[in-house]
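Undergrad: This is structure_6.tsv, which holds TSV, C-alpha atoms and all ligand atoms:
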```tsv
chain	number	residue	atom	x	y	z
S	1	MET	CA	108.66	79.87	221.79
S	2	ALA	CA	105.75	80.65	224.02
S	3	ILE	CA	102.90	83.08	224.26
S	4	PHE	CA	102.71	84.86	227.60
S	5	PRO	CA	99.71	86.49	229.26
S	6	ILE	CA	99.96	90.26	228.89
S	7	ARG	CA	100.04	92.22	232.13
S	8	THR	CA	97.40	94.92	232.30
S	9	PHE	CA	96.77	98.26	233.99
S	10	GLY	CA	97.09	97.92	237.76
S	11	ASP	CA	99.90	95.36	237.65
S	12	PRO	CA	102.81	96.88	239.57
S	13	VAL	CA	105.44	95.50	237.15
S	14	LEU	CA	104.22	98.04	234.59
S	15	ARG	CA	105.20	100.92	236.89
S	16	VAL	CA	108.76	99.89	237.59
S	17	ARG	CA	111.77	101.26	235.72
S	18	THR	CA	113.43	98.27	234.04
S	19	LYS	CA	116.99	97.06	234.63
S	20	PRO	CA	119.54	97.25	231.81
S	21	VAL	CA	120.30	94.00	229.99
S	22	LYS	CA	123.87	92.88	230.71
S	23	ASP	CA	123.93	89.30	229.46
S	24	PHE	CA	123.41	88.82	225.73
S	25	ASP	CA	122.91	85.11	226.14
S	26	ALA	CA	120.57	82.35	224.99
S	27	PRO	CA	117.85	83.21	227.56
S	28	LEU	CA	117.78	86.77	226.17
S	29	HIS	CA	117.29	85.45	222.64
S	30	ARG	CA	114.50	83.21	223.92
S	31	LEU	CA	112.88	86.13	225.75
S	32	ALA	CA	112.87	88.18	222.52
S	33	GLU	CA	111.30	85.28	220.58
S	34	ASP	CA	108.62	84.86	223.22
S	35	MET	CA	107.92	88.60	223.22
S	36	LEU	CA	107.56	88.66	219.43
S	37	GLU	CA	105.26	85.66	219.45
S	38	THR	CA	103.15	87.23	222.22
S	39	MET	CA	103.03	90.56	220.33
S	40	TYR	CA	101.91	89.01	217.04
S	41	ASP	CA	99.37	86.81	218.81
S	42	ALA	CA	97.78	89.78	220.61
S	43	PRO	CA	98.03	91.32	217.94
S	44	GLY	CA	100.06	94.45	218.52
S	45	VAL	CA	102.77	96.53	216.88
S	46	GLY	CA	105.03	96.69	219.93
S	47	LEU	CA	105.68	94.97	223.24
S	48	ALA	CA	107.99	95.81	226.13
S	49	ALA	CA	109.33	93.18	228.54
S	50	PRO	CA	107.39	94.46	231.60
S	51	GLN	CA	104.19	93.65	229.70
S	52	ILE	CA	104.98	89.97	230.17
S	53	GLY	CA	106.23	90.53	233.70
S	54	VAL	CA	109.96	90.82	232.97
S	55	SER	CA	111.55	94.00	234.29
S	56	LYS	CA	114.35	94.19	231.73
S	57	ARG	CA	115.21	96.92	229.25
S	58	ILE	CA	114.14	95.22	226.03
S	59	CYS	CA	111.30	95.75	223.60
S	60	VAL	CA	110.14	94.31	220.30
S	61	PHE	CA	108.08	95.89	217.57
S	62	ASP	CA	106.91	95.65	213.99
S	63	ALA	CA	105.90	98.97	212.50
S	64	GLY	CA	105.41	97.40	209.09
S	65	GLU	CA	108.98	96.41	208.28
S	66	GLY	CA	109.15	93.06	210.01
S	67	PRO	CA	110.08	91.99	213.53
S	68	GLN	CA	112.63	94.14	215.36
S	69	VAL	CA	114.27	93.81	218.75
S	70	LEU	CA	115.78	96.71	220.67
S	71	VAL	CA	117.82	96.13	223.81
S	72	ASN	CA	118.75	98.92	226.25
S	73	PRO	CA	117.16	101.60	224.08
S	74	VAL	CA	117.59	105.29	224.68
S	75	LEU	CA	115.61	107.99	222.92
S	76	VAL	CA	118.21	110.38	221.55
S	77	GLU	CA	116.24	112.69	219.28
S	78	THR	CA	112.63	113.75	218.72
S	79	SER	CA	111.04	116.45	216.63
S	80	GLY	CA	107.72	117.71	215.35
S	81	ASP	CA	104.23	116.90	216.59
S	82	TRP	CA	101.84	114.19	215.53
S	83	GLU	CA	98.43	113.31	216.90
S	84	TYR	CA	97.62	109.64	216.76
S	85	GLN	CA	94.94	107.43	218.23
S	86	GLU	CA	97.17	105.43	220.52
S	87	GLY	CA	96.37	102.19	222.30
S	88	CYS	CA	98.28	99.73	224.46
S	89	LEU	CA	98.04	95.96	224.90
S	90	SER	CA	98.19	96.57	228.66
S	91	VAL	CA	95.14	98.84	228.53
S	92	PRO	CA	93.05	96.71	226.18
S	93	GLY	CA	90.08	98.18	224.38
S	94	HIS	CA	90.97	101.83	224.92
S	95	TYR	CA	92.38	104.43	222.56
S	96	TRP	CA	93.20	108.06	223.09
S	97	ASN	CA	94.28	110.80	220.72
S	98	ILE	CA	97.75	111.63	221.96
S	99	ILE	CA	100.12	114.23	220.58
S	100	ARG	CA	103.79	113.28	220.70
S	101	PRO	CA	106.80	114.15	218.59
S	102	ALA	CA	106.32	112.84	215.03
S	103	PHE	CA	109.92	111.78	214.61
S	104	ALA	CA	112.00	109.74	217.02
S	105	ARG	CA	115.48	108.28	216.95
S	106	ALA	CA	116.53	105.61	219.41
S	107	VAL	CA	119.86	103.91	219.89
S	108	GLY	CA	120.45	100.62	221.68
S	109	GLN	CA	121.79	97.15	221.11
S	110	ASP	CA	120.75	94.02	219.27
S	111	LEU	CA	120.50	90.59	220.89
S	112	ASP	CA	124.24	90.11	220.56
S	113	GLY	CA	125.14	93.44	222.11
S	114	ASN	CA	125.99	95.21	218.85
S	115	PRO	CA	124.96	98.87	218.57
S	116	VAL	CA	121.78	99.52	216.58
S	117	GLU	CA	119.73	102.55	215.74
S	118	PHE	CA	116.10	103.00	214.69
S	119	ALA	CA	114.67	106.25	213.42
S	120	GLY	CA	111.39	107.13	211.84
S	121	ASP	CA	108.28	109.21	211.96
S	122	GLU	CA	104.58	108.51	212.37
S	123	LEU	CA	103.99	104.86	213.39
S	124	LEU	CA	107.65	103.87	213.92
S	125	GLY	CA	108.37	107.09	215.79
S	126	ARG	CA	105.30	106.52	217.96
S	127	VAL	CA	106.11	102.88	218.69
S	128	LEU	CA	109.67	103.73	219.75
S	129	GLN	CA	108.43	106.40	222.17
S	130	HIS	CA	105.62	104.20	223.51
S	131	GLU	CA	107.86	101.17	224.16
S	132	ILE	CA	110.65	103.21	225.74
S	133	ASP	CA	108.02	104.77	228.03
S	134	HIS	CA	107.11	101.22	229.14
S	135	LEU	CA	110.76	100.54	229.97
S	136	GLU	CA	110.74	103.64	232.19
S	137	GLY	CA	107.61	102.38	233.97
S	138	HIS	CA	105.17	104.70	232.20
S	139	LEU	CA	101.93	103.76	230.51
S	140	LEU	CA	100.38	105.90	227.78
S	141	LEU	CA	98.03	107.27	230.43
S	142	THR	CA	100.88	109.49	231.64
S	143	ARG	CA	100.78	111.22	228.23
S	144	LEU	CA	97.14	112.29	228.61
S	145	ASP	CA	96.21	115.75	229.76
S	146	ARG	CA	95.13	116.01	233.37
S	147	ALA	CA	91.36	115.97	232.83
S	148	THR	CA	91.45	113.11	230.32
S	149	ARG	CA	93.78	111.11	232.55
S	150	LYS	CA	91.49	111.52	235.55
S	151	GLU	CA	88.53	110.31	233.49
S	152	ALA	CA	90.59	107.40	232.11
S	153	PHE	CA	91.66	106.26	235.59
S	154	ARG	CA	88.06	106.38	236.77
S	155	THR	CA	86.91	104.26	233.83
S	156	LEU	CA	89.73	101.73	234.25
S	157	ARG	CA	89.20	101.40	237.99
S	158	ASN	CA	85.50	100.71	237.42
S	159	GLU	CA	86.40	98.06	234.84
S	160	ALA	CA	88.81	96.40	237.28
S	161	PHE	CA	86.08	96.41	239.91
S	162	ARG	CA	83.68	94.68	237.55
S	163	ALA	CA	86.20	92.05	236.41
S	164	PRO	CA	85.00	88.50	237.24
S	165	GLU	CA	88.22	87.55	239.07
S	201	ZN	ZN	101.93	99.69	225.55
```
As structure tokens, how would this structure be written, given the file I've shared?
Ligand code: ZN

TA:
Amino acid sequence: MAIFPIRTFGDPVLRVRTKPVKDFDAPLHRLAEDMLETMYDAPGVGLAAPQIGVSKRICVFDAGEGPQVLVNPVLVETSGDWEYQEGCLSVPGHYWNIIRPAFARAVGQDLDGNPVEFAGDELLGRVLQHEIDHLEGHLLLTRLDRATRKEAFRTLRNEAFRAPE
């Protein structure tokens, strides 16, 4: 297992739609272990492969019920509305109140290619939507209203400019 540096806002890998996983092999299992270790170390409640620079359709999360892995997920059902102060390991130190559906159901595969399904509301529903967004190349910033997003981009660009590297 290994902890990977987490890619942050501005890294192009975060904006690319990921490729479906086709090989359910040992390297995939290792990738999932590394992602979980990186997520817990951060710490965070979810992590998508692009966040460690791997453009594959896999994410991991722990919304309070232990470590979970979801390969090739697709959001199949959402309902309701829930406002939550949402953050992202790739946009460290920032949180925004974002309204999204309260409930989400996602289907996908486990590490051996077997079909799995996750469904839940509040935190689990939010994590599923957030991680699947990552796999489509979208950061939470895309969920902000226009004015808030503009302000957020300005702030983040200024931070990048001030970064020591
Ligand atoms: Zn995120």

Undergrad: Do you have the atom CA of Leu111 of chain S-atom CA of His29 of chain S distance handy?

TA: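 Interatomic distance, atom CA of Leu111 of chain S to atom CA of His29 of chain S: 6.3 Å.
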
Undergrad: My list of candidates is S:Ala32, S:Ala104, S:Val91, S:Met39. Which is closest to ligand ZN 201 (chain S) when distances are computed with only C-alpha atoms and all ligand atoms?

TA: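 Selected residue with least distance to ligand ZN 201 (chain S): S:Val91.
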
Undergrad: Would you please work out which residue, of S:Val45, S:Leu144, S:Val107, S:Ala102, is nearest to Glu131 of chain S when using all atoms listed in the file?

TA: S:Val45

Undergrad: Step by step, measure atom-to-atom distances between ligand ZN 201 (chain S) and each residue using all atoms listed in the file, keep those at most 6 Å, then write them as a short mmCIF file (atom, residue, chain, number, x, y, z; two decimals) with C-alpha atoms, in the coordinates of the input.

TA:
```cif
data_model
loop_
_atom_site.label_atom_id
_atom_site.label_comp_id
_atom_site.auth_asym_id
_atom_site.auth_seq_id
_atom_site.Cartn_x
_atom_site.Cartn_y
_atom_site.Cartn_z
CA CYS S 88 98.28 99.73 224.46
CA LEU S 89 98.04 95.96 224.90
CA SER S 90 98.19 96.57 228.66
#
```

Undergrad: Check the smallest atom-to-atom distance from each of S:Ala106, S:Val71, S:Leu128, S:Ile52 to Asp11 of chain S using only C-alpha atoms, then report the winner.

TA: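 Nearest to Asp11 of chain S: S:Ile52.
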
Undergrad: Between atom CA of Phe103 of chain S and atom CA of Arg17 of chain S, what is the distance, to one decimal in Å?

TA: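 Computed distance, atom CA of Phe103 of chain S to atom CA of Arg17 of chain S, equals 23.7 Å.
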
Undergrad: For a quick check of understanding, using only C-alpha atoms, which of S:Glu122, S:Glu37, S:Asp23, S:Asp62 has the smallest distance to Gly80 of chain S?

TA: S:Glu122

Undergrad: Fewer than 5 positions away in the same chain doesn't count, so skip those; otherwise give me all residues within 6 Å of Tyr95 of chain S, counting all atoms listed in the file, as a list in words.

TA: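 Answer for this query is Gln85, Glu86 and Gly87 of chain S.
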
Undergrad: Could you write out that same residue set with C-alpha atoms as a short mmCIF file (atom, residue, chain, number, x, y, z; two decimals), in the coordinates of the input?

TA:
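Result went into selection.cif, see below:
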```cif
data_model
loop_
_atom_site.label_atom_id
_atom_site.label_comp_id
_atom_site.auth_asym_id
_atom_site.auth_seq_id
_atom_site.Cartn_x
_atom_site.Cartn_y
_atom_site.Cartn_z
CA GLN S 85 94.94 107.43 218.23
CA GLU S 86 97.17 105.43 220.52
CA GLY S 87 96.37 102.19 222.30
#
```

Undergrad: Given 4 Å of margin on each side, can you work out the centre and size in Å (one decimal) of an axis-aligned box holding every listed atom of segment 3-19 of chain S, as JSON?

TA:
```
{"center_x": 106.9, "center_y": 92.2, "center_z": 231.9, "size_x": 28.2, "size_y": 26.2, "size_z": 23.3}
```

Undergrad: So the first atom is atom CA of Val13 of chain S and the second is atom CA of Glu117 of chain S; what is the distance between them in Å, to one decimal place?

TA: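 These atoms are spaced 26.7 Å apart.
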
Undergrad: Residues at most 10 Å from segment 136-142 of chain S, counting all atoms listed in the file, excluding those fewer than 3 positions away in the same chain, as a PDB file with C-alpha atoms, in the coordinates of the input?

TA:
```
ATOM      1  CA  PHE S   9      96.770  98.260 233.990  1.00  0.00           C
ATOM      2  CA  PRO S  12     102.810  96.880 239.570  1.00  0.00           C
ATOM      3  CA  VAL S  13     105.440  95.500 237.150  1.00  0.00           C
ATOM      4  CA  LEU S  14     104.220  98.040 234.590  1.00  0.00           C
ATOM      5  CA  ARG S  15     105.200 100.920 236.890  1.00  0.00           C
ATOM      6  CA  VAL S  16     108.760  99.890 237.590  1.00  0.00           C
ATOM      7  CA  ARG S  17     111.770 101.260 235.720  1.00  0.00           C
ATOM      8  CA  THR S  18     113.430  98.270 234.040  1.00  0.00           C
ATOM      9  CA  LYS S  19     116.990  97.060 234.630  1.00  0.00           C
ATOM     10  CA  PRO S  50     107.390  94.460 231.600  1.00  0.00           C
ATOM     11  CA  SER S  55     111.550  94.000 234.290  1.00  0.00           C
ATOM     12  CA  ARG S  57     115.210  96.920 229.250  1.00  0.00           C
ATOM     13  CA  GLU S  86      97.170 105.430 220.520  1.00  0.00           C
ATOM     14  CA  GLY S  87      96.370 102.190 222.300  1.00  0.00           C
ATOM     15  CA  CYS S  88      98.280  99.730 224.460  1.00  0.00           C
ATOM     16  CA  SER S  90      98.190  96.570 228.660  1.00  0.00           C
ATOM     17  CA  VAL S  91      95.140  98.840 228.530  1.00  0.00           C
ATOM     18  CA  TYR S  95      92.380 104.430 222.560  1.00  0.00           C
ATOM     19  CA  TRP S  96      93.200 108.060 223.090  1.00  0.00           C
ATOM     20  CA  ILE S  98      97.750 111.630 221.960  1.00  0.00           C
ATOM     21  CA  GLN S 129     108.430 106.400 222.170  1.00  0.00           C
ATOM     22  CA  HIS S 130     105.620 104.200 223.510  1.00  0.00           C
ATOM     23  CA  GLU S 131     107.860 101.170 224.160  1.00  0.00           C
ATOM     24  CA  ILE S 132     110.650 103.210 225.740  1.00  0.00           C
ATOM     25  CA  ASP S 133     108.020 104.770 228.030  1.00  0.00           C
ATOM     26  CA  ASP S 145      96.210 115.750 229.760  1.00  0.00           C
ATOM     27  CA  ARG S 146      95.130 116.010 233.370  1.00  0.00           C
ATOM     28  CA  THR S 148      91.450 113.110 230.320  1.00  0.00           C
ATOM     29  CA  ARG S 149      93.780 111.110 232.550  1.00  0.00           C
ATOM     30  CA  LYS S 150      91.490 111.520 235.550  1.00  0.00           C
ATOM     31  CA  ALA S 152      90.590 107.400 232.110  1.00  0.00           C
ATOM     32  CA  PHE S 153      91.660 106.260 235.590  1.00  0.00           C
TER      33      PHE S 153
END
```

Undergrad: Would you list the contacts of Leu31 of chain S as a list in words, taking every protein, DNA or RNA residue within 12 Å and counting all atoms listed in the file, but skipping same-chain residues closer than 4 positions in sequence?

TA: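 Those residues are Met1, Ala2, Ile3, Phe4, Val21, Phe24, Asp25, Ala26, Pro27, Met35, Leu36, Glu37, Thr38, Leu47, Ala48, Ala49, Pro50, Ile52, Gly53, Val54, Ser55, Lys56, Arg57, Ile58, Cys59, Val60, Val69, Val71 and Leu111 of chain S.
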
Undergrad: I'd like to know which of S:Leu28, S:Ala42, S:Ile99, S:Leu124 is closest to Gln68 of chain S, using all atoms listed in the file.

TA: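 Residue with the minimum atom-to-atom distance to Gln68 of chain S: S:Leu124.
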